[in-house]
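Student: Right, I'll just put the structure down here and ask away after.
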Amino acid sequence: MDLSRAKTVLICTFLILNIFLYYQILQDEGRGNTGLFGRKEEMSRLESALQEANLFLETPLPRGGVRLAYLVVKPWHFKPEDIIVALWGVLGYEEKAFPAGNGESRFVGSNEDNVTVYHFGEYKLLVSKEGSVTLKRTREEKLQENYSLEESEQAVREFTGRLSFLNSFIYDYSQKKEKGTIFNYRQEYEGFPLYAGYLQLLMKGKVPLMFSLYRLEPVGFAEQKREIIPPSTALLRFMEAYKGGKEKRGIVEFSLGFYSHEYDAERWEIPPVWRIRLNNGEVYYINAFTGILEQ
Amino acid sequence: MLEKFKSLLLIGLILLSMVLTYQLWFGRPPLEKGTVPRYEYAYFTPPLLPSEVVQPAEIIFYDQEDIYLFRRGEKGYQSLWGKGRQILTDRLELDNAKRLSRGSKDDGLETAPVKLVYNFNPPVPLEFIVRAPANLHMDLEKITFSWEEELLYAYLEGEELVRIPIGRTADLQDELFSLEKKSYILLPSPLVLDVSKLKNIYENTINRDFRKDIKNESQENLTFLSNREITVAGDIYIPLEDIWAAEVSLKKEELQREQLVRAFFLDLSMARRIEERDGALYFTNGEKGLRIYSSGLLEYTAPRLERAISTMSYSTALQKGAESQSLYGGWLPGTYLWEAGKVEGGYRLLWCSFQDGFALEGQNTGSEMLINEQGVSFYRRIFYIFGEEISERRPFRPYEEAIVRALILKKDHFKGDNISLLSLKPVYYLPGGKKTDRAIPAWSVTFAETGVVYLHWHTLEPL
């Protein structure tokens, strides 16, 4: 083998090695790892913190290393009367029973602690000044006790499918409760979950007992992008703030999205958050810029 | 040529592989340590010196029977305080301090014919003015310079009374001679409204528009007034000559918004912006919030910093508070510490603007801060810049008329025979609502039974 050929072979070998090393570095950064030594240290720190907080991970930590900007949103403007009109048929009321009149004159809301309440049929609709909408069934009655989850899911799909103002919501997860099953939906923007926009539906069999809705109109991302904290850091920050009980809890979901409180505002910025969902149904949001628990 | 290039490329690749291996092995510093930039506080105005944090509420010069008074923001006030402070800093020897009991023979304070009194409300910590030994900690309410047989003595008064000889110095006297002085009287207690003049005072007091009511009410009011005895709580000084004043235009201070947000959050990108329906802008990082109202009022809250118990000392609270004021908008000329007191979870500090000796009072003016070891948990600020006079200069109505007017206005509040007058002073009043473009001269009358009453300086109409 002459020297020139040996050089060529070595060049190719080192080129492949460098590509491999660079890829590994990118991978590690994505996971929020900080080098082999740092990774070990961080992992043991995480493990002991999890143990101390009586928590365990049921899901792998996602990748970090993303640069994001605030998401700018506007409130969804709606007329409560339009929602009632849309719900009327979906909830199984006959068209002929619909109140006479036009628009606002048909439904008069009463104000109770910054919430306007509209009564119709066996339901009441509560609209807060921040724009959240809650529908509650007012009549207590014996409803079907034995039902399958599939039946409820089918009913929810039918319910949401028939209401056009819910078409921007995506199924998130469900929780079995004493009163029924809660189906959680969320909004999405450019592939990122928008947890701040939500729909919660409490179903007893095929009957919706309650729903809460908060819809946002995303405007776009703010200009300034910055690096978000890696999931491991977010988890550590969460455990610093978490005040759990003696019972061991599992983290069933760890995901990246956008979340903020509900505001009575014209327009606002929503930070990226790491959402941490526990197996007891508790949900926490860690600001992915500051590491602060959003409360 | 090609072989040379190959060799160089190979060397380059080998070096790069070493660098990448090192980076992969040791990694970058953890994010918390590695990417947190170093921030520096961007002060709007430089932090104050400790000696500038608390300034006298008033400076009173007693020359035999004559009384001269200098209020905050008035001509001569700053130079007189500067001279007094300089003497204290340069010549005060605390080793020579002699503790006195109030009212003792050694206490020549009351009888001294010529003295200059610096009244502090709120009190000033001694260490703000002079380097004090650890065993002599005092929050001073009064500093008095007394000339006794051509020697100057300083009396420091707080919880204790201390006398310190200064020696011979003409600095203060020279300063006093060079200043234009206004004569004052000390309101006597009890204050008796002259019954023979009461009818005249009463009629002068009532505005022409209300004359028609006088006939029906005058007798009742006069009876109410003539049966009253007014206890003057504390020393209230009133100018002997007419006080002339005019309405003054006001301009809201304009703070650079970006710098302001940075002062509270360090990094602009850490604070998200919320445009509220009422036109206010709200910045928050989820832990603390800054609201800038369309009126210019700014309000900052950090609920996590509120503490049930605070062990912070008074002097630390003042220093930290003054530093935070420099950071959160800075110092406007004519801004003075107005109130400072311990509250649950820290200290509450209030600052107020002064112009020509008149405080700008009203619903929304000045700044308020709650502070403890953790930092500022609440801050509220709206300052105005005084402009030109925009009305005719007129004298303040006599103080007796102001008292009478306030008594009549609030007569339902006085249940017993005794009335306690807590304060009476000329101020600038800032009306509420949208009329914040002018300051109206006013009498501020405070009775223990009613709270403060503001009366238009010329018409005595309630404001």
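Ordering of the structure tokens sets the chain letters (A, B, ...), residue numbers begin anew at 1 in every chain, and ligands are numbered from 1 in the order given.
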Should the cut-off be 10 Å, what would the residue list for chain B against chain A look like, counting only C-alpha atoms, as an NGL selection string?

Tutor: :B and (2-3 or 6-7 or 9-32 or 35 or 268-287)

Student: Which residues are close to Pro113 in chain B, i.e. within 10 Å by only C-alpha atoms, leaving aside same-chain residues fewer than 3 positions away? Reply as a ChimeraX atom specification.

Tutor: /B:62-66,108-110,146-148

Student: Go ahead and write the residues just picked, N, CA and C atoms, as a PDB file, in the first residue's frame.

Tutor:
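The resulting file, out06.pdb, is reproduced below:
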ATOM      1  N   TYR B  62     -34.921  78.769  65.310  1.00  0.00           N
ATOM      2  CA  TYR B  62     -35.491  79.581  66.398  1.00  0.00           C
ATOM      3  C   TYR B  62     -34.459  80.645  66.749  1.00  0.00           C
ATOM      4  N   ASP B  63     -34.816  81.885  66.536  1.00  0.00           N
ATOM      5  CA  ASP B  63     -33.917  82.988  66.877  1.00  0.00           C
ATOM      6  C   ASP B  63     -34.650  83.865  67.887  1.00  0.00           C
ATOM      7  N   GLN B  64     -34.344  83.669  69.134  1.00  0.00           N
ATOM      8  CA  GLN B  64     -35.063  84.325  70.230  1.00  0.00           C
ATOM      9  C   GLN B  64     -36.552  84.016  70.081  1.00  0.00           C
ATOM     10  N   GLU B  65     -37.359  85.062  69.791  1.00  0.00           N
ATOM     11  CA  GLU B  65     -38.809  84.848  69.684  1.00  0.00           C
ATOM     12  C   GLU B  65     -39.238  84.483  68.258  1.00  0.00           C
ATOM     13  N   ASP B  66     -38.318  84.671  67.330  1.00  0.00           N
ATOM     14  CA  ASP B  66     -38.683  84.454  65.919  1.00  0.00           C
ATOM     15  C   ASP B  66     -38.490  82.995  65.504  1.00  0.00           C
ATOM     16  N   GLY B 108     -30.411  71.600  77.836  1.00  0.00           N
ATOM     17  CA  GLY B 108     -30.625  73.013  77.554  1.00  0.00           C
ATOM     18  C   GLY B 108     -31.443  73.233  76.304  1.00  0.00           C
ATOM     19  N   LEU B 109     -31.979  72.176  75.804  1.00  0.00           N
ATOM     20  CA  LEU B 109     -32.675  72.247  74.518  1.00  0.00           C
ATOM     21  C   LEU B 109     -33.846  73.217  74.521  1.00  0.00           C
ATOM     22  N   GLU B 110     -34.699  73.050  75.523  1.00  0.00           N
ATOM     23  CA  GLU B 110     -35.935  73.841  75.538  1.00  0.00           C
ATOM     24  C   GLU B 110     -35.642  75.326  75.724  1.00  0.00           C
ATOM     25  N   SER B 146     -27.479  73.896  68.812  1.00  0.00           N
ATOM     26  CA  SER B 146     -27.817  74.958  69.760  1.00  0.00           C
ATOM     27  C   SER B 146     -26.567  75.778  70.046  1.00  0.00           C
ATOM     28  N   TRP B 147     -26.732  77.102  69.981  1.00  0.00           N
ATOM     29  CA  TRP B 147     -25.603  77.985  70.272  1.00  0.00           C
ATOM     30  C   TRP B 147     -25.670  78.377  71.745  1.00  0.00           C
ATOM     31  N   GLU B 148     -24.718  77.930  72.488  1.00  0.00           N
ATOM     32  CA  GLU B 148     -24.694  78.236  73.914  1.00  0.00           C
ATOM     33  C   GLU B 148     -23.355  78.892  74.224  1.00  0.00           C
TER      34      GLU B 148
END

Student: Please provide as a list in words all residues within 9 Å of Met312 in chain B, with the sequence filter that same-chain residues fewer than 5 positions apart are discarded (counting only C-alpha atoms).

Tutor: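 So, after excluding close chain neighbours, the residues are Ala317, Gly346, Tyr347, Asn372 and Glu373 of chain B.
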
Student: Can you write out the residues you just picked, keeping C-alpha atoms, as a short mmCIF file (atom, residue, chain, number, x, y, z; two decimals), in the first residue's frame?

Tutor:
data_model
loop_
_atom_site.label_atom_id
_atom_site.label_comp_id
_atom_site.auth_asym_id
_atom_site.auth_seq_id
_atom_site.Cartn_x
_atom_site.Cartn_y
_atom_site.Cartn_z
CA ALA B 317 -34.86 48.52 54.60
CA GLY B 346 -41.22 43.80 55.96
CA TYR B 347 -41.21 47.56 55.61
CA ASN B 372 -38.00 42.57 53.01
CA GLU B 373 -34.84 40.43 52.98
#

Student: Please, what distance in Å, to one decimal, runs between CA of Glu47 in chain A and CA of Met239 in chain A?

Tutor: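 One can read the CA of Glu47 in chain A to CA of Met239 in chain A distance as 11.1 Å.
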
Student: How would you write, as a PyMOL selection string, the set of residues in range 145-292 of chain A that DSSP gives as alpha helix (DSSP H)?

Tutor: chain A and resi 149-161+231-241

Student: For range 108-124 of chain A, work out the shell of residues within 10 Å, counting only C-alpha atoms and skipping chain neighbours fewer than 6 positions away, then give it as a list in words.

Tutor: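 So the residues in contact are Pro80, Glu81, Ile84, Leu87, Trp88, Leu91, Tyr93, Ala97, Phe98, Pro99, Glu130, Gly131, Ser132, Val133, Thr134, Leu135, Lys136, Arg137, Thr138, Arg139, Glu140, Leu209 and Met210 of chain A.
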
Student: Atoms to include: N, CA and C atoms. Write the selected residues as a PDB file, in the first residue's frame.

Tutor:
ATOM      1  N   PRO A  80     -72.462  34.121  23.296  1.00  0.00           N
ATOM      2  CA  PRO A  80     -72.990  32.968  24.039  1.00  0.00           C
ATOM      3  C   PRO A  80     -74.235  32.390  23.372  1.00  0.00           C
ATOM      4  N   GLU A  81     -75.033  33.279  22.767  1.00  0.00           N
ATOM      5  CA  GLU A  81     -76.262  32.820  22.124  1.00  0.00           C
ATOM      6  C   GLU A  81     -75.958  31.839  20.995  1.00  0.00           C
ATOM      7  N   ILE A  84     -75.275  28.486  22.458  1.00  0.00           N
ATOM      8  CA  ILE A  84     -76.516  27.829  22.912  1.00  0.00           C
ATOM      9  C   ILE A  84     -77.278  27.275  21.709  1.00  0.00           C
ATOM     10  N   LEU A  87     -75.615  24.198  20.569  1.00  0.00           N
ATOM     11  CA  LEU A  87     -75.767  23.089  21.524  1.00  0.00           C
ATOM     12  C   LEU A  87     -77.182  22.516  21.542  1.00  0.00           C
ATOM     13  N   TRP A  88     -78.140  23.371  21.209  1.00  0.00           N
ATOM     14  CA  TRP A  88     -79.563  23.013  21.324  1.00  0.00           C
ATOM     15  C   TRP A  88     -79.875  21.668  20.670  1.00  0.00           C
ATOM     16  N   LEU A  91     -77.664  18.575  21.958  1.00  0.00           N
ATOM     17  CA  LEU A  91     -78.066  18.019  23.257  1.00  0.00           C
ATOM     18  C   LEU A  91     -79.430  17.330  23.194  1.00  0.00           C
ATOM     19  N   TYR A  93     -82.441  18.577  22.014  1.00  0.00           N
ATOM     20  CA  TYR A  93     -83.696  19.310  22.167  1.00  0.00           C
ATOM     21  C   TYR A  93     -84.371  19.487  20.817  1.00  0.00           C
ATOM     22  N   ALA A  97     -89.098  23.538  20.262  1.00  0.00           N
ATOM     23  CA  ALA A  97     -89.048  24.057  21.639  1.00  0.00           C
ATOM     24  C   ALA A  97     -88.093  25.237  21.780  1.00  0.00           C
ATOM     25  N   PHE A  98     -87.460  25.568  20.688  1.00  0.00           N
ATOM     26  CA  PHE A  98     -86.465  26.644  20.726  1.00  0.00           C
ATOM     27  C   PHE A  98     -87.132  27.983  21.054  1.00  0.00           C
ATOM     28  N   PRO A  99     -86.559  28.768  21.973  1.00  0.00           N
ATOM     29  CA  PRO A  99     -87.194  30.039  22.351  1.00  0.00           C
ATOM     30  C   PRO A  99     -87.370  30.963  21.149  1.00  0.00           C
ATOM     31  N   GLU A 130     -63.082  36.284  31.297  1.00  0.00           N
ATOM     32  CA  GLU A 130     -61.855  35.906  30.573  1.00  0.00           C
ATOM     33  C   GLU A 130     -62.189  35.154  29.287  1.00  0.00           C
ATOM     34  N   GLY A 131     -63.433  34.663  29.171  1.00  0.00           N
ATOM     35  CA  GLY A 131     -63.843  33.994  27.938  1.00  0.00           C
ATOM     36  C   GLY A 131     -63.983  32.492  28.061  1.00  0.00           C
ATOM     37  N   SER A 132     -63.868  31.953  29.270  1.00  0.00           N
ATOM     38  CA  SER A 132     -64.059  30.506  29.388  1.00  0.00           C
ATOM     39  C   SER A 132     -65.553  30.206  29.466  1.00  0.00           C
ATOM     40  N   VAL A 133     -65.928  29.077  28.887  1.00  0.00           N
ATOM     41  CA  VAL A 133     -67.334  28.694  28.807  1.00  0.00           C
ATOM     42  C   VAL A 133     -67.517  27.363  29.537  1.00  0.00           C
ATOM     43  N   THR A 134     -68.498  27.316  30.414  1.00  0.00           N
ATOM     44  CA  THR A 134     -68.772  26.061  31.122  1.00  0.00           C
ATOM     45  C   THR A 134     -70.237  25.706  30.940  1.00  0.00           C
ATOM     46  N   LEU A 135     -70.473  24.492  30.546  1.00  0.00           N
ATOM     47  CA  LEU A 135     -71.844  24.001  30.398  1.00  0.00           C
ATOM     48  C   LEU A 135     -72.089  22.980  31.506  1.00  0.00           C
ATOM     49  N   LYS A 136     -73.180  23.157  32.243  1.00  0.00           N
ATOM     50  CA  LYS A 136     -73.466  22.229  33.338  1.00  0.00           C
ATOM     51  C   LYS A 136     -74.886  21.713  33.213  1.00  0.00           C
ATOM     52  N   ARG A 137     -75.044  20.447  33.471  1.00  0.00           N
ATOM     53  CA  ARG A 137     -76.389  19.877  33.483  1.00  0.00           C
ATOM     54  C   ARG A 137     -76.986  20.183  34.850  1.00  0.00           C
ATOM     55  N   THR A 138     -78.183  20.749  34.864  1.00  0.00           N
ATOM     56  CA  THR A 138     -78.774  21.176  36.135  1.00  0.00           C
ATOM     57  C   THR A 138     -79.632  20.080  36.756  1.00  0.00           C
ATOM     58  N   ARG A 139     -80.131  19.196  35.924  1.00  0.00           N
ATOM     59  CA  ARG A 139     -81.043  18.172  36.451  1.00  0.00           C
ATOM     60  C   ARG A 139     -80.264  16.945  36.920  1.00  0.00           C
ATOM     61  N   GLU A 140     -80.483  16.591  38.159  1.00  0.00           N
ATOM     62  CA  GLU A 140     -79.877  15.363  38.687  1.00  0.00           C
ATOM     63  C   GLU A 140     -80.828  14.222  38.355  1.00  0.00           C
ATOM     64  N   LEU A 209     -72.377  15.602  30.985  1.00  0.00           N
ATOM     65  CA  LEU A 209     -72.831  16.233  32.225  1.00  0.00           C
ATOM     66  C   LEU A 209     -72.302  17.651  32.328  1.00  0.00           C
ATOM     67  N   MET A 210     -71.114  17.837  31.791  1.00  0.00           N
ATOM     68  CA  MET A 210     -70.478  19.146  31.911  1.00  0.00           C
ATOM     69  C   MET A 210     -69.397  19.290  30.853  1.00  0.00           C
TER      70      MET A 210
END

Student: Range 129-141 of chain B: which residues within 6 Å, counting only C-alpha atoms, same-chain residues fewer than 2 positions away excluded, as a count of residues only?

Tutor: 10

Student: Tell me, in Å to one decimal, how far CA of Pro60 in chain A is from CA of Arg275 in chain A.

Tutor: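 Going from CA of Pro60 in chain A over to CA of Arg275 in chain A, I get 13.4 Å.
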
Student: Of the candidates B:Gly82, B:Gly296, B:Gly375, B:Gly289, which shows the shortest atom-to-atom distance to Gln325 in chain B, using only C-alpha atoms?

Tutor: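 Looking only at the distances to Gln325 in chain B, the closest residue turns out to be B:Gly375.
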
Student: Could you tell me which of B:Glu339, B:Glu401, B:Glu258, B:Asp417 comes closest to Glu461 in chain B if we count only C-alpha atoms?

Tutor: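 Checking each of B:Glu339, B:Glu401, B:Glu258, B:Asp417 against Glu461 in chain B, counting only C-alpha atoms, the winner is B:Glu401.
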
Student: Got a sec: who's within 7 Å of Phe358 in chain B, counting only C-alpha atoms, leaving out chain neighbours fewer than 2 positions off, as a ChimeraX atom specification?

Tutor: /B:354-356,360,426-428

Student: Write out as a PyMOL selection string which residues come within 8 Å of range 151-162 of chain A when counting only C-alpha atoms, dropping same-chain ones fewer than 6 positions away.

Tutor: chain A and resi 90+181+183+201+203-207

Student: Dump C-alpha atoms for the selected residues as a PDB file, in the first residue's frame?

Tutor:
ATOM      1  CA  VAL A  90     -76.657  18.482  19.762  1.00  0.00           C
ATOM      2  CA  THR A 181     -65.184   9.990  32.367  1.00  0.00           C
ATOM      3  CA  PHE A 183     -62.256  13.656  28.063  1.00  0.00           C
ATOM      4  CA  LEU A 201     -65.966  16.989  28.696  1.00  0.00           C
ATOM      5  CA  MET A 203     -69.501  12.173  30.163  1.00  0.00           C
ATOM      6  CA  LYS A 204     -71.785   9.786  31.970  1.00  0.00           C
ATOM      7  CA  GLY A 205     -72.347   7.088  29.423  1.00  0.00           C
ATOM      8  CA  LYS A 206     -73.528   8.920  26.361  1.00  0.00           C
ATOM      9  CA  VAL A 207     -74.753  12.004  28.210  1.00  0.00           C
TER      10      VAL A 207
END

Student: Which residues in range 61-201 of chain A does DSSP call strand (DSSP E)? List them as a VMD selection string.

Tutor: chain A and resid 67 to 68 71 to 75 110 to 112 115 to 120 123 to 128 133 to 137 170 to 176 181 to 189 192 to 201

Student: Report the distance between CA of Ser249 in chain B and CA of Pro441 in chain B in Å, rounded to one decimal place.

Tutor: 11.4 Å

Student: Given the choices B:Glu449, B:Asp95, B:Glu74, B:Glu247, which gets closest to Lys415 in chain B if the distance is worked out from only C-alpha atoms?

Tutor: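 Of B:Glu449, B:Asp95, B:Glu74, B:Glu247, the one nearest Lys415 in chain B is B:Glu449, counting only C-alpha atoms.
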
Student: Given the choices A:Tyr284, A:Tyr171, A:Tyr195, A:Tyr147, which gets closest to Lys243 in chain A if the distance is worked out from only C-alpha atoms?

Tutor: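 The shortest atom-to-atom distance to Lys243 in chain A comes from A:Tyr284.
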